[in-house]
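See below for the structure under consideration.
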Amino acid sequence: MAEQNSVIAFYDERMLAHEPNIEVPFLPGRMDKRVRSLLSGLGVPWKYPEHSARLTAIRHLLDLEPVPGVTFEAGMPATREQLLRVHTNSYLDSIYRLRGKNAWLDVDTTAVSPGSLEAAEIAAGTAIAAVEAVVEGRAESSFALVRPPGHHAEPVRARGFCLFNNVAVAAAHARAVLGCQRVMIIDWDAHHGNGTQDIFWADPDVLFFDIHRASPFYPGTGSLEEVGVGLGDGAIINVPLPADAGDAAYLKAFHEILVPAAEWFRPDLILVSAGFDPHSHDLALNVSYDGFSAMTGILQGLARRQCGGRLVFVLEGGYNLISLSRGVRSVLKVLAGDEPSVPGLRGLAEVEAAAAFHRSAFVTEQDASSVSSNAGTDGPSGTT
């Protein structure tokens, strides 16, 4: 078993080569015309939101403010066999033909550039490497810092900036190769993980818990009634939330829904699709850094009780570079042994100090007299 609070963060610069640029010529065709028509209707300049600075900002912050106990390792590319566990042959054939090219893949503006296929293979393979590290006992927990993200990618199509479903590839690998019979996936990204849900829709051995901003927010899926089918009926748990939901709602869902479900399911491994767009800076929801810290603490305790601490985070969304990088750091700090934060308490000590500083300005003569007359007394009886 791995040493408690041992953490490996996986980071590979080859994933920076995914660089869709709407200014360069894309493959000619109807898709290109439709996407450009949509973008021209925005009335404002548009740049591809999922860019390489998302990873470099995280790494830069962790270099400036290291988290003691966190070590770094490089990733590895996923093989076709590994990808085929969750994607179809026809889909892989179609996307492999785009290696070295620029192309739109979906009208929701998912695109590839010449380096995207290698980056996506490494993203999926790095998620596998993060799982292998905890299952083999080299670390108690790990964090795969990957891009492009994956949870919108379906078995037969790319969607929502996602090419391969990284967390699903890692879960399937854990079950097929590493001896994990039951895998739990928690998705706390602001957007519903439609692709992950689709892949494990009828699978009773993968419990998928997704808390997200409710439809019609992208991708419009994830209602309460979406619970899986067949033997997998009940293995899908969706918690859709309103736009102003924050820490209290997330933690209530974790304590009252996620934890009982996990204790019933008894997973061998816990994976987290960790998006940081629920943070208030990203404008999707109102989760704080303390909220991410508290959720991580809950999952760490759950993993220690259920599966020897085996807990793997895989990066999904988050497009404000400050909240993304600081959100990742707040997770790593808890994994490495810091006490989880208590949301809602930040700033209270400062308010108390300010109150003590200012209080004398508002003391009335009567208050001052009362204080003076009680000086030296001990308790309401007035005895010394």
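All residue names refer to the structure tokens as shown: chains lettered A, B, ... in order, residues numbered from 1 in each chain, ligands numbered from 1 in order.
Residues with any atom within 8 Å of region 43-48 of chain A, counting only C-alpha atoms and excluding same-chain neighbours fewer than 5 positions away, are A:Pro20, A:Asn21, A:Ile22.
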Export of the given selection (all heavy atoms) as a short mmCIF file (atom, residue, chain, number, x, y, z; two decimals), in the first residue's frame:
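Below you can see again-v9.cif, which holds the result:
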data_model
loop_
_atom_site.label_atom_id
_atom_site.label_comp_id
_atom_site.auth_asym_id
_atom_site.auth_seq_id
_atom_site.Cartn_x
_atom_site.Cartn_y
_atom_site.Cartn_z
N PRO A 20 -5.90 24.61 -31.64
CA PRO A 20 -6.87 25.08 -32.64
C PRO A 20 -6.84 26.60 -32.75
O PRO A 20 -6.87 27.31 -31.75
CB PRO A 20 -8.21 24.59 -32.09
CG PRO A 20 -7.85 23.42 -31.23
CD PRO A 20 -6.54 23.79 -30.61
N ASN A 21 -6.77 27.09 -33.96
CA ASN A 21 -6.68 28.52 -34.22
C ASN A 21 -7.68 28.86 -35.31
O ASN A 21 -7.52 28.44 -36.46
CB ASN A 21 -5.26 28.88 -34.65
CG ASN A 21 -5.08 30.37 -34.91
OD1 ASN A 21 -6.05 31.13 -34.91
ND2 ASN A 21 -3.84 30.78 -35.14
N ILE A 22 -8.71 29.61 -34.96
CA ILE A 22 -9.78 29.86 -35.93
C ILE A 22 -9.34 30.77 -37.07
O ILE A 22 -10.06 30.93 -38.05
CB ILE A 22 -11.02 30.44 -35.25
CG1 ILE A 22 -10.73 31.84 -34.68
CG2 ILE A 22 -11.54 29.50 -34.18
CD1 ILE A 22 -11.98 32.56 -34.24
#
Taking only region 41-218 of chain A into account, list the residues labelled helix (DSSP H, G or I) by DSSP (computed from the backbone), as a count of residues only.
61
DSSP strand (DSSP E or B) residues within region 34-278 of chain A, as a ChimeraX atom specification:
/A:70-73,103-104,111-112,141-144,154,157,159,162,183-187,206-213,236-241,246,269-274
Suppose you want the space between CA of His51 (chain A) and CA of Ser215 (chain A); what is it in Å?
25.4 Å
Region 340-351 of chain A: which residues within 8 Å, counting only C-alpha atoms, same-chain residues fewer than 3 positions away excluded, as a PyMOL selection string?
chain A and resi 247-248+288+290-291+293-294+296-297+334+354-355
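Residue nearest Pro240 (chain A), chosen from A:Leu224, A:Ala253, A:Ala176, A:Ile128 and counting only C-alpha atoms: A:Leu224.
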List the spatial neighbours of Ser6 (chain A) as a PyMOL selection string - criterion: any atom at most 8 Å away, only C-alpha atoms, same-chain residues fewer than 4 positions off excluded.
chain A and resi 2+69-70+139-141+335-336
For the selection just defined, write its residues with C-alpha atoms to a file, as a PDB file, in the first residue's frame.
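The resulting file, again_10.pdb, is shown below:
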ATOM      1  CA  ALA A   2       1.232   3.495  -0.830  1.00  0.00           C
ATOM      2  CA  GLY A  69       5.072  16.158  -0.990  1.00  0.00           C
ATOM      3  CA  VAL A  70       3.805  16.462  -4.571  1.00  0.00           C
ATOM      4  CA  ALA A 139       1.246   6.912  -4.674  1.00  0.00           C
ATOM      5  CA  GLU A 140      -1.895   7.077  -2.582  1.00  0.00           C
ATOM      6  CA  SER A 141      -3.422   9.617  -4.962  1.00  0.00           C
ATOM      7  CA  LEU A 335      -4.165  15.213  -1.088  1.00  0.00           C
ATOM      8  CA  ALA A 336      -0.665  15.953   0.262  1.00  0.00           C
TER       9      ALA A 336
END
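Among the candidates A:Ala353, A:Val239, A:Val86, A:Ala158, the one nearest to Trp201 (chain A) when counting only C-alpha atoms is A:Val86.
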Near Glu13 (chain A), counting only C-alpha atoms, which residues have an atom at most 12 Å away, once you skip same-chain residues fewer than 4 positions from it, shown as a list of chain:residue names?
A:Ala17, A:His18, A:Ser52, A:Ala53, A:Arg54, A:Leu55, A:Thr56, A:Arg59, A:Glu73, A:Ala74, A:Gly75, A:Met76, A:Gly115, A:Glu118, A:Ala119, A:Ile122, A:Ala123, A:Thr126, A:Leu145, A:Val146, A:Arg147
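Of the residues listed (A:Ser37, A:Asn286, A:Ser223, A:Asn165), A:Ser37 shows the shortest atom-to-atom separation from Thr109 (chain A); distances use only C-alpha atoms.
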